[in-house]
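Structure record follows, encoded as structure tokens.
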Amino acid sequence: MKQLLKLLVFGFLFIPAAASYALPTADVDVRAVVPEQLDLAVTVRKVPASQEPYGPGSSEVSSIDFGTLAFDDTNNIFVANDYFSVFLVATTSGRAYRIQQTNNGVISTGGGDLNNNLVLTPDYQAADEIGGNPQGTLPGGDSLGSAQLSFGTGKVIYNGNAGLSRRVRAYYGIATGAAGEPAGAEPITTNKLAGTYTGTVTFSVVLQ
């Protein structure tokens with residue numbers, strides 16, 4: 001009987017000692033949900049003709065308003081004192097995308113239009129910042145649209161085939177007849193009807 005009691009006591013003391021040993025590995029589950037996004041951020045800057053978008057005299061504005069055009073006596077055309085730089089940043093959760101614009105017409109109450117006069121020129125600058133850091137060179141597979149008339153539907157500004165958010169520029173100016181302007185671009189001459197011309201440019205991001 002004494003021998004049995006000794007065995008029971010020994011067994012009782014031994015069990016917790018054995019249970020105190022840790023396993024060599026342990027798994028802990030991790031979970032996070034990244035929400036899907038499809039956004040387009042737009043910022044417009046008014047820029048003097050001889051300056052860069054962040055140079056002297058430039059400012060952030062809410063619309064593309066050329067104001068009253070000046071008359072160039074040398075070339076007999078109307079010219080704008082400023083151009084506009086529209087900055088566009090698409091967020092697509094890593095999916096390939098296209099930034100485009102639609103302009104259904106900038107017209108006057110008298111029936112005139114600026115269909116052949118408003119020029120769109122896409123641009124990309126490596127020094128432009130994303131999240132406070134220079135965005136670097138154009139990602140492989142991405143491409144800019146070409147200089148073209150703003151008038152029309154689905155005019156391509158940027159193809160973001162890599163799916164990365166990038167700050168893209170779209171310059172808007174009145175044609176002057178200078179070399180390099182897109183086909184069909186025409187200066188505003190004295191034959192253009194006088195008046196106030198208004199319209200809307202719509203930007204959109206479309207998944208590829």
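By order of appearance in the structure tokens: chains A, B, ..., then residues from 1 within every chain, and ligands from 1 in the order shown.
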
Margin query: If you run DSSP on the backbone here, which positions in range 14-155 of chain A get helix (DSSP H, G or I)? Please write them as a ChimeraX atom specification.
Written below: /A:14-19

Could you turn the residues from that selection into a file that holds C-alpha atoms, as a JSON list (two decimals), in the first residue's frame?
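Produced file out-v9.json, reproduced below:
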```json
[["chain", "number", "residue", "atom", "x", "y", "z"],
["A", 14, "PHE", "CA", 5.63, 14.51, -12.63],
["A", 15, "ILE", "CA", 2.61, 15.58, -14.71],
["A", 16, "PRO", "CA", 2.92, 19.41, -14.32],
["A", 17, "ALA", "CA", 6.67, 19.27, -14.98],
["A", 18, "ALA", "CA", 6.05, 17.51, -18.28],
["A", 19, "ALA", "CA", 3.28, 19.97, -19.24]]
```

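For range 34-38 of chain A, the set of protein, DNA and RNA residues having any atom at most 7 Å away, when counting only C-alpha atoms and skipping those fewer than 3 positions along the same chain, is Thr91, Thr92 and Ser93 of chain A.
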
Return as a Markdown table the residues of range 29-102 of chain A lying at most 12 Å from range 111-118 of chain A, together with the closest atom-to-atom pair for each and the distance in Å to one decimal, counting only C-alpha atoms, with rows in chain order and ascending residue number.
```
| residue | atom | partner | partner_atom | distance |
| --- | --- | --- | --- | --- |
| A:Ile64 | CA | A:Leu118 | CA | 11.0 |
| A:Asp65 | CA | A:Leu118 | CA | 11.9 |
| A:Phe66 | CA | A:Leu118 | CA | 10.7 |
| A:Ile77 | CA | A:Asn117 | CA | 11.4 |
| A:Phe78 | CA | A:Asn117 | CA | 10.5 |
| A:Val79 | CA | A:Asn117 | CA | 10.4 |
| A:Ala80 | CA | A:Leu118 | CA | 10.8 |
| A:Tyr83 | CA | A:Leu118 | CA | 10.5 |
| A:Phe84 | CA | A:Leu118 | CA | 11.2 |
```

Okay, now the selection with N, CA and C atoms, as a short mmCIF file (atom, residue, chain, number, x, y, z; two decimals), in the first residue's frame?
```cif
data_model
loop_
_atom_site.label_atom_id
_atom_site.label_comp_id
_atom_site.auth_asym_id
_atom_site.auth_seq_id
_atom_site.Cartn_x
_atom_site.Cartn_y
_atom_site.Cartn_z
N ILE A 64 -10.49 76.27 -65.96
CA ILE A 64 -9.63 76.72 -67.06
C ILE A 64 -10.28 77.97 -67.65
N ASP A 65 -9.85 79.12 -67.19
CA ASP A 65 -10.44 80.39 -67.60
C ASP A 65 -9.35 81.27 -68.20
N PHE A 66 -9.36 81.39 -69.53
CA PHE A 66 -8.34 82.17 -70.22
C PHE A 66 -8.62 83.68 -70.14
N ILE A 77 -3.54 87.57 -84.61
CA ILE A 77 -4.31 86.51 -83.95
C ILE A 77 -4.54 86.89 -82.49
N PHE A 78 -5.50 86.23 -81.88
CA PHE A 78 -5.75 86.41 -80.45
C PHE A 78 -4.98 85.34 -79.67
N VAL A 79 -4.32 85.75 -78.60
CA VAL A 79 -3.50 84.82 -77.83
C VAL A 79 -3.87 84.92 -76.34
N ALA A 80 -3.56 83.86 -75.61
CA ALA A 80 -3.81 83.85 -74.17
C ALA A 80 -2.54 84.22 -73.42
N TYR A 83 -1.40 79.62 -69.78
CA TYR A 83 -1.88 78.28 -70.12
C TYR A 83 -2.24 77.59 -68.81
N PHE A 84 -2.78 76.40 -68.89
CA PHE A 84 -3.22 75.69 -67.69
C PHE A 84 -2.62 74.29 -67.67
#
```

Which range 35-143 of chain A residues have any atom within 8 Å of an atom of range 190-208 of chain A, and for each, what is the nearest pair of atoms with distance in Å to one decimal, counting only C-alpha atoms, rows sorted by chain and number, as a Markdown table?
```
| residue | atom | partner | partner_atom | distance |
| --- | --- | --- | --- | --- |
| A:Leu38 | CA | A:Val205 | CA | 7.8 |
| A:Asp39 | CA | A:Val205 | CA | 7.4 |
| A:Leu40 | CA | A:Val205 | CA | 6.4 |
| A:Asn76 | CA | A:Thr190 | CA | 7.4 |
| A:Ile77 | CA | A:Thr190 | CA | 6.7 |
| A:Phe78 | CA | A:Thr190 | CA | 7.7 |
| A:Ala90 | CA | A:Val205 | CA | 6.7 |
| A:Thr92 | CA | A:Leu207 | CA | 7.9 |
| A:Arg95 | CA | A:Leu207 | CA | 6.9 |
| A:Ala96 | CA | A:Gln208 | CA | 5.3 |
| A:Tyr97 | CA | A:Leu207 | CA | 4.2 |
| A:Arg98 | CA | A:Val206 | CA | 5.2 |
| A:Ile99 | CA | A:Val205 | CA | 4.6 |
| A:Gln100 | CA | A:Ser204 | CA | 5.5 |
| A:Gln101 | CA | A:Phe203 | CA | 4.4 |
| A:Thr102 | CA | A:Thr202 | CA | 5.1 |
| A:Asn103 | CA | A:Val201 | CA | 4.8 |
| A:Asn104 | CA | A:Thr200 | CA | 7.4 |
| A:Gly105 | CA | A:Gly199 | CA | 5.9 |
| A:Val106 | CA | A:Gly199 | CA | 4.2 |
| A:Ile107 | CA | A:Tyr197 | CA | 4.8 |
| A:Ser108 | CA | A:Tyr197 | CA | 4.3 |
| A:Thr109 | CA | A:Gly195 | CA | 7.5 |
| A:Gly110 | CA | A:Gly195 | CA | 7.2 |
| A:Gly112 | CA | A:Leu193 | CA | 6.0 |
| A:Asp113 | CA | A:Tyr197 | CA | 7.0 |
| A:Leu114 | CA | A:Tyr197 | CA | 7.6 |
```

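Of the listed residues (A:Gln148, A:Ser63, A:Ser85, A:Asn159), A:Ser85 comes nearest to Gln51 in chain A; the distances count only C-alpha atoms.
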
Using 12 Å as the limit and counting only C-alpha atoms, can you tabulate each residue of range 30-75 of chain A that touches range 124-134 of chain A, with its shortest atom-to-atom distance in Å and the two atoms involved, as a tab-separated table?
```
residue	atom	partner	partner_atom	distance
A:Ala41	CA	A:Ile130	CA	11.9
A:Glu52	CA	A:Gln125	CA	11.7
A:Pro53	CA	A:Asp128	CA	10.9
A:Tyr54	CA	A:Asp128	CA	10.7
```

Let me see the file: selected residues, C-alpha atoms, as a PDB file, in the first residue's frame.
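What landed in again-v2.pdb:
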```pdb
ATOM      1  CA  ALA A  41      -7.559  63.270 -58.214  1.00  0.00           C
ATOM      2  CA  GLU A  52       6.666  76.310 -65.425  1.00  0.00           C
ATOM      3  CA  PRO A  53       3.524  75.152 -63.534  1.00  0.00           C
ATOM      4  CA  TYR A  54       5.094  75.940 -60.141  1.00  0.00           C
TER       5      TYR A  54
END
```

Next item on the list: Select from range 84-154 of chain A everything DSSP, run on the backbone, classes as strand (DSSP E), then give the selection as a PyMOL selection string.
Entry: chain A and resi 84-91+97-103+107-108+118-124+129-130+133-134+143-144+148-149+152-154

Preceding selection exported with N, CA and C atoms as a compact mmCIF listing (two decimals), in the first residue's frame:
```
# COMPACT_ATOMS: atom_id res chain seq x y z
N PHE A 84 -2.78 76.40 -68.89
CA PHE A 84 -3.22 75.69 -67.69
C PHE A 84 -2.62 74.29 -67.67
N SER A 85 -2.16 73.91 -66.47
CA SER A 85 -1.62 72.57 -66.26
C SER A 85 -2.57 71.82 -65.33
N VAL A 86 -3.16 70.77 -65.83
CA VAL A 86 -4.04 69.93 -65.02
C VAL A 86 -3.24 68.72 -64.57
N PHE A 87 -3.15 68.52 -63.24
CA PHE A 87 -2.42 67.39 -62.68
C PHE A 87 -3.43 66.29 -62.33
N LEU A 88 -3.15 65.08 -62.79
CA LEU A 88 -4.08 63.96 -62.63
C LEU A 88 -3.37 62.78 -61.99
N VAL A 89 -3.97 62.23 -60.93
CA VAL A 89 -3.41 61.06 -60.25
C VAL A 89 -4.52 60.01 -60.12
N ALA A 90 -4.33 58.87 -60.77
CA ALA A 90 -5.31 57.78 -60.71
C ALA A 90 -4.90 56.77 -59.64
N THR A 91 -5.89 56.25 -58.93
CA THR A 91 -5.68 55.18 -57.95
C THR A 91 -6.59 54.02 -58.35
N TYR A 97 -4.84 50.93 -66.26
CA TYR A 97 -5.87 51.94 -66.46
C TYR A 97 -5.51 52.90 -67.59
N ARG A 98 -6.48 53.73 -67.94
CA ARG A 98 -6.27 54.80 -68.92
C ARG A 98 -6.91 56.07 -68.37
N ILE A 99 -6.18 57.20 -68.42
CA ILE A 99 -6.77 58.50 -68.09
C ILE A 99 -7.12 59.18 -69.41
N GLN A 100 -8.34 59.66 -69.50
CA GLN A 100 -8.79 60.28 -70.73
C GLN A 100 -9.65 61.51 -70.44
N GLN A 101 -9.89 62.29 -71.48
CA GLN A 101 -10.74 63.46 -71.33
C GLN A 101 -11.75 63.54 -72.48
N THR A 102 -12.87 64.17 -72.17
CA THR A 102 -13.91 64.42 -73.16
C THR A 102 -14.28 65.89 -73.13
N ASN A 103 -14.33 66.49 -74.30
CA ASN A 103 -14.71 67.89 -74.46
C ASN A 103 -15.76 67.94 -75.58
N ILE A 107 -18.31 76.69 -76.58
CA ILE A 107 -19.09 77.44 -77.56
C ILE A 107 -19.58 78.77 -76.98
N SER A 108 -20.01 79.64 -77.87
CA SER A 108 -20.56 80.94 -77.46
C SER A 108 -22.05 80.96 -77.74
N LEU A 118 -8.50 74.94 -79.05
CA LEU A 118 -8.03 74.53 -77.71
C LEU A 118 -7.20 73.26 -77.83
N VAL A 119 -5.93 73.36 -77.42
CA VAL A 119 -4.98 72.26 -77.59
C VAL A 119 -4.70 71.59 -76.24
N LEU A 120 -4.66 70.26 -76.27
CA LEU A 120 -4.33 69.42 -75.11
C LEU A 120 -2.97 68.76 -75.35
N THR A 121 -2.05 68.92 -74.38
CA THR A 121 -0.72 68.31 -74.51
C THR A 121 -0.39 67.54 -73.24
N PRO A 122 -0.38 66.20 -73.27
CA PRO A 122 0.00 65.41 -72.08
C PRO A 122 1.49 65.52 -71.79
N ASP A 123 1.85 65.38 -70.51
CA ASP A 123 3.26 65.44 -70.12
C ASP A 123 3.47 64.61 -68.85
N TYR A 124 4.70 64.14 -68.68
CA TYR A 124 5.10 63.38 -67.50
C TYR A 124 6.45 63.89 -67.04
N GLU A 129 5.96 64.78 -57.55
CA GLU A 129 5.97 63.93 -56.36
C GLU A 129 4.68 63.15 -56.15
N ILE A 130 4.86 61.92 -55.65
CA ILE A 130 3.78 61.07 -55.17
C ILE A 130 4.11 60.73 -53.72
N ASN A 133 7.56 62.09 -52.45
CA ASN A 133 8.80 61.65 -53.08
C ASN A 133 8.70 61.75 -54.60
N PRO A 134 9.82 62.06 -55.29
CA PRO A 134 9.79 62.08 -56.75
C PRO A 134 9.30 60.74 -57.30
N SER A 143 2.51 54.81 -71.14
CA SER A 143 2.74 55.72 -72.25
C SER A 143 1.83 56.95 -72.13
N LEU A 144 2.30 58.04 -72.70
CA LEU A 144 1.52 59.27 -72.77
C LEU A 144 0.72 59.32 -74.06
N GLN A 148 -2.93 66.95 -79.03
CA GLN A 148 -4.13 66.86 -79.86
C GLN A 148 -5.09 67.98 -79.52
N LEU A 149 -6.11 68.12 -80.34
CA LEU A 149 -7.17 69.05 -80.01
C LEU A 149 -7.95 68.50 -78.83
N GLY A 152 -13.51 66.57 -78.49
CA GLY A 152 -13.72 65.18 -78.84
C GLY A 152 -13.95 64.31 -77.62
N THR A 153 -14.21 63.04 -77.88
CA THR A 153 -14.55 62.09 -76.82
C THR A 153 -13.41 61.10 -76.59
N GLY A 154 -13.10 60.83 -75.33
CA GLY A 154 -12.13 59.80 -74.98
C GLY A 154 -10.72 60.08 -75.45
```

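In this model, the gap between CA of Val156 in chain A and CA of Thr189 in chain A comes to 28.1 Å.
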
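Distances here use only C-alpha atoms; by that measure, the residue among A:Ala49, A:Ile188, A:Ile157, A:Ala162 closest to Asp72 in chain A is A:Ile188.
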
Margin query: Taking 3 positions as the minimum chain separation for residues in the same chain, which residues sit within 7 Å of Ser58 in chain A when counting only C-alpha atoms? Answer as a ChimeraX atom specification.
Written below: /A:45-48,53-55

Give me a file of those residues, with C-alpha atoms, as a compact mmCIF listing (two decimals), in the first residue's frame.
```txt
# COMPACT_ATOMS: atom_id res chain seq x y z
CA ARG A 45 -2.85 75.43 -62.06
CA LYS A 46 -2.90 78.66 -64.04
CA VAL A 47 0.57 79.42 -65.46
CA PRO A 48 2.04 82.48 -67.23
CA PRO A 53 3.52 75.15 -63.53
CA TYR A 54 5.09 75.94 -60.14
CA GLY A 55 7.06 78.97 -61.33
```
